$ cat entry.csv   # CSV, C-alpha atoms
chain,number,residue,atom,x,y,z
A,1,MET,CA,30.3,-102.6,49.3
A,2,SER,CA,26.5,-102.3,49.9
A,3,LYS,CA,24.1,-103.7,47.4
A,4,ARG,CA,21.4,-101.4,46.0
A,5,LYS,CA,17.7,-102.2,46.3
A,6,PRO,CA,16.3,-103.5,43.0
A,7,CYS,CA,14.0,-101.2,41.1
A,8,ASN,CA,10.4,-102.0,42.0
A,9,ARG,CA,8.0,-100.5,39.4
A,10,THR,CA,4.9,-101.6,41.1
A,11,VAL,CA,5.7,-99.6,44.2
A,12,GLN,CA,6.7,-96.6,42.0
A,13,VAL,CA,3.4,-96.7,40.1
A,14,GLN,CA,1.4,-97.0,43.4
A,15,ARG,CA,3.2,-94.0,44.8
A,16,SER,CA,2.5,-91.9,41.8
A,17,LEU,CA,-1.2,-92.9,41.8
A,18,ARG,CA,-1.5,-92.0,45.5
A,19,SER,CA,0.1,-88.7,44.7
A,20,LEU,CA,-2.5,-88.2,41.9
A,21,LEU,CA,-5.4,-88.9,44.4
A,22,SER,CA,-3.8,-86.5,46.9
A,23,THR,CA,-3.5,-83.7,44.3
A,24,HIS,CA,-7.2,-84.1,43.2
A,25,HIS,CA,-8.4,-84.5,46.8
A,26,ALA,CA,-10.4,-87.6,45.6
A,27,ALA,CA,-13.0,-89.3,47.8
A,28,VAL,CA,-16.0,-91.6,47.4
A,29,ILE,CA,-19.3,-90.3,48.8
A,30,HIS,CA,-22.5,-92.4,49.2
A,31,ILE,CA,-25.9,-91.0,50.1
A,32,ASP,CA,-29.0,-93.1,51.1
A,33,PRO,CA,-31.9,-93.5,50.5
A,34,SER,CA,-31.3,-92.5,46.9
A,35,GLY,CA,-28.2,-94.8,46.7
A,36,ARG,CA,-26.3,-92.0,44.9
A,37,GLN,CA,-22.5,-92.7,44.9
A,38,LEU,CA,-20.0,-90.3,43.4
A,39,MET,CA,-16.3,-89.7,43.2
A,40,ILE,CA,-15.7,-86.2,44.4
A,41,ASN,CA,-13.1,-83.6,45.3
A,42,TRP,CA,-13.7,-83.4,49.0
A,43,LYS,CA,-12.3,-79.8,49.2
A,44,ASN,CA,-14.7,-78.2,46.8
A,45,ALA,CA,-17.5,-80.8,46.4
A,46,ARG,CA,-17.1,-81.1,42.6
A,47,GLN,CA,-17.6,-84.5,40.9
A,48,ILE,CA,-14.4,-86.0,39.4
A,49,LEU,CA,-14.9,-87.6,36.0
A,50,SER,CA,-11.3,-88.6,35.2
A,51,LEU,CA,-10.8,-92.3,34.4
A,52,ILE,CA,-7.2,-92.1,35.6
A,53,VAL,CA,-8.3,-90.9,39.0
A,54,ALA,CA,-11.0,-93.5,39.2
A,55,ASN,CA,-8.5,-96.3,38.4
A,56,ALA,CA,-6.1,-94.9,41.0
A,57,LEU,CA,-8.9,-94.9,43.6
A,58,CYS,CA,-10.3,-98.4,42.7
A,59,ASP,CA,-7.3,-100.5,41.6
A,60,ILE,CA,-4.8,-100.1,44.5
A,61,PRO,CA,-5.4,-100.5,48.2
A,62,HIS,CA,-5.3,-97.5,50.5
A,63,ARG,CA,-5.4,-96.6,54.1
A,64,TRP,CA,-8.9,-95.0,54.5
A,65,THR,CA,-10.5,-92.3,56.6
A,66,ILE,CA,-14.3,-92.9,56.6
A,67,TYR,CA,-16.9,-90.5,57.9
A,68,ILE,CA,-20.4,-92.0,58.5
A,69,ALA,CA,-23.2,-89.5,59.0
A,70,GLY,CA,-26.9,-89.5,59.8
A,71,ILE,CA,-28.6,-86.7,57.9
A,72,CYS,CA,-31.2,-85.1,60.1
A,73,VAL,CA,-33.7,-82.2,60.2
A,74,ARG,CA,-35.2,-80.9,63.4
A,75,GLN,CA,-38.8,-79.9,63.8
A,76,ASP,CA,-37.9,-76.2,63.4
A,77,GLY,CA,-36.3,-77.0,60.0
A,78,ALA,CA,-32.7,-76.8,61.1
A,79,GLN,CA,-30.4,-79.2,59.2
A,80,TYR,CA,-27.7,-81.1,61.1
A,81,ILE,CA,-25.6,-84.3,60.9
A,82,LYS,CA,-24.5,-86.8,63.5
A,83,ALA,CA,-21.1,-88.2,62.3
A,84,ILE,CA,-18.3,-90.5,63.3
A,85,GLU,CA,-14.8,-90.8,61.9
A,86,ILE,CA,-13.2,-94.2,61.6
A,87,ARG,CA,-9.8,-95.3,60.4
A,88,PRO,CA,-9.8,-99.0,59.7
A,89,ASP,CA,-6.5,-100.9,60.4
A,90,GLY,CA,-4.6,-101.9,57.3
A,91,ILE,CA,-5.0,-101.1,53.7
A,92,HIS,CA,-8.2,-102.0,51.8
A,93,LEU,CA,-9.5,-101.9,48.3
A,94,VAL,CA,-12.5,-99.6,47.7
A,95,GLU,CA,-14.7,-102.6,46.9
A,96,LYS,CA,-14.1,-104.0,50.4
A,97,LEU,CA,-15.2,-100.8,52.2
A,98,ALA,CA,-18.8,-101.9,52.5
A,99,ASP,CA,-17.7,-104.7,54.8
A,100,VAL,CA,-15.8,-102.2,57.0
A,101,VAL,CA,-18.6,-99.7,57.1
A,102,ASP,CA,-21.6,-101.9,57.8
A,103,HIS,CA,-21.3,-102.2,61.6
A,104,PHE,CA,-20.6,-98.5,62.2
A,105,TYR,CA,-23.4,-97.5,59.7
A,106,GLU,CA,-26.0,-99.3,61.8
A,107,GLU,CA,-24.5,-97.8,65.0
A,108,VAL,CA,-24.9,-94.2,63.7
A,109,LYS,CA,-28.4,-95.0,62.4
A,110,GLU,CA,-29.5,-96.2,65.8
A,111,ASP,CA,-27.9,-93.2,67.5
A,112,CYS,CA,-29.9,-90.7,65.4
A,113,ASN,CA,-33.4,-89.6,66.4
A,114,PRO,CA,-35.7,-91.5,63.9
A,115,ASN,CA,-38.1,-88.6,63.9
A,116,HIS,CA,-35.3,-86.3,62.7
A,117,ARG,CA,-33.4,-88.7,60.4
A,118,VAL,CA,-34.1,-88.2,56.7
A,119,GLY,CA,-31.1,-90.1,55.3
A,120,MET,CA,-27.7,-91.6,55.8
A,121,GLY,CA,-24.4,-91.1,54.1
A,122,TRP,CA,-20.7,-91.9,54.2
A,123,LEU,CA,-17.5,-90.3,52.8
A,124,ALA,CA,-14.4,-92.4,52.3
A,125,ILE,CA,-11.1,-90.6,51.7
A,126,PRO,CA,-7.9,-92.5,50.8
A,127,GLY,CA,-5.3,-91.5,53.3
A,128,ILE,CA,-5.2,-90.1,56.8
A,129,VAL,CA,-7.2,-86.9,56.6
A,130,SER,CA,-9.3,-85.2,59.2
A,131,ILE,CA,-12.0,-82.8,58.2
A,132,PRO,CA,-14.3,-80.8,60.4
A,133,GLU,CA,-18.0,-81.7,60.8
A,134,ALA,CA,-19.1,-78.4,59.3
A,135,GLN,CA,-17.2,-79.2,56.1
A,136,LEU,CA,-18.7,-82.6,56.0
A,137,ALA,CA,-22.2,-81.1,56.3
A,138,ALA,CA,-21.3,-78.7,53.5
A,139,LEU,CA,-20.3,-81.6,51.3
A,140,PHE,CA,-23.6,-83.4,51.9
A,141,ALA,CA,-25.5,-80.1,51.3
A,142,ALA,CA,-23.7,-79.4,48.0
A,143,LEU,CA,-24.7,-82.9,46.8
A,144,GLY,CA,-28.4,-82.4,47.8
A,145,ALA,CA,-28.5,-84.9,50.6
A,146,TRP,CA,-31.3,-83.1,52.4
A,147,ASP,CA,-33.3,-82.4,49.3
A,148,GLN,CA,-33.2,-85.9,47.9
A,149,ALA,CA,-34.0,-87.4,51.3
A,150,VAL,CA,-37.1,-85.2,51.7
A,151,ILE,CA,-38.4,-86.1,48.3
A,152,ALA,CA,-37.7,-89.8,48.8
A,153,ALA,CA,-39.2,-90.0,52.3
$ encode --input "entry.csv" --output "structure tokens"
Amino acid sequence: MSKRKPCNRTVQVQRSLRSLLSTHHAAVIHIDPSGRQLMINWKNARQILSLIVANALCDIPHRWTIYIAGICVRQDGAQYIKAIEIRPDGIHLVEKLADVVDHFYEEVKEDCNPNHRVGMGWLAIPGIVSIPEAQLAALFAALGAWDQAVIAA
């Protein structure tokens, strides 16, 4: 007769918290030079203020999809972003993301035209998610990335 697996409450709690994050489309966004960092719904660009969702995002490790973008404006006033998508190996806590992002952040910063660049930003989504660059630009626009960068510069 086969032996059943023992009940593992930790795994069950982590699974339910990941489901909660998936339901809320939770992500962390950071915009420089203002240093603004928010927890948002990446589908509709609204800020998430729930403590339960914040704890689910911060307290357990996740597989991450990270978008790093240079926020730019051409001489004719057209706004655009230069972005890359990275998926680090393994699972990481949100507090360790800065270590993962640093190298790629500088790489994107050097790739952007310094005369056009008005800021930088990144979006970290727990899970394996792919979003188009137009939606990423819309997220940064909804959070005022171009406006704050022009004022701060």
$ residues_around --input "entry.csv" --residues "stretch 9-18 of chain A" --least-positions-apart "4" --cutoff "9 Å" --atoms "only C-alpha atoms" --output "PyMOL selection string"
chain A and resi 22-23+52-53+55-57+60+62+126-127
$ residues_around --input "entry.csv" --residues "A:His116" --least-positions-apart "5" --cutoff "9 Å" --atoms "all atoms listed in the file" --output "VMD selection string"
chain A and resid 71 to 75
$ residues_around --input "entry.csv" --residues "stretch 102-112 of chain A" --least-positions-apart "4" --cutoff "8 Å" --atoms "only C-alpha atoms" --output "number ranges by chain"
A: 68-70, 72, 82-84, 98, 116-117, 120
$ atom_distance --input "entry.csv" --atom1 "atom CA of A:Asp147" --atom2 "atom CA of A:Ala45"
16.1 Å
$ atom_distance --input "entry.csv" --atom1 "atom CA of A:Asp59" --atom2 "atom CA of A:Lys96"
11.7 Å
$ closest_residue --input "entry.csv" --among "A:Asp89, A:Ala27, A:Ala138, A:Ser34" --to "A:Ala124" --atoms "all atoms listed in the file"
A:Ala27
$ atom_distance --input "entry.csv" --atom1 "atom CA of A:Ala26" --atom2 "atom CA of A:Gln47"
9.1 Å
$ residues_around --input "entry.csv" --residues "A:Gly90" --least-positions-apart "6" --cutoff "10 Å" --atoms "all atoms listed in the file" --output "list in words"
Pro61, His62, Arg63 and Trp64 of chain A
$ closest_residue --input "entry.csv" --among "A:Ser19, A:Asn41, A:Thr65, A:Asn115" --to "A:Ile131" --atoms "all atoms listed in the file"
A:Thr65
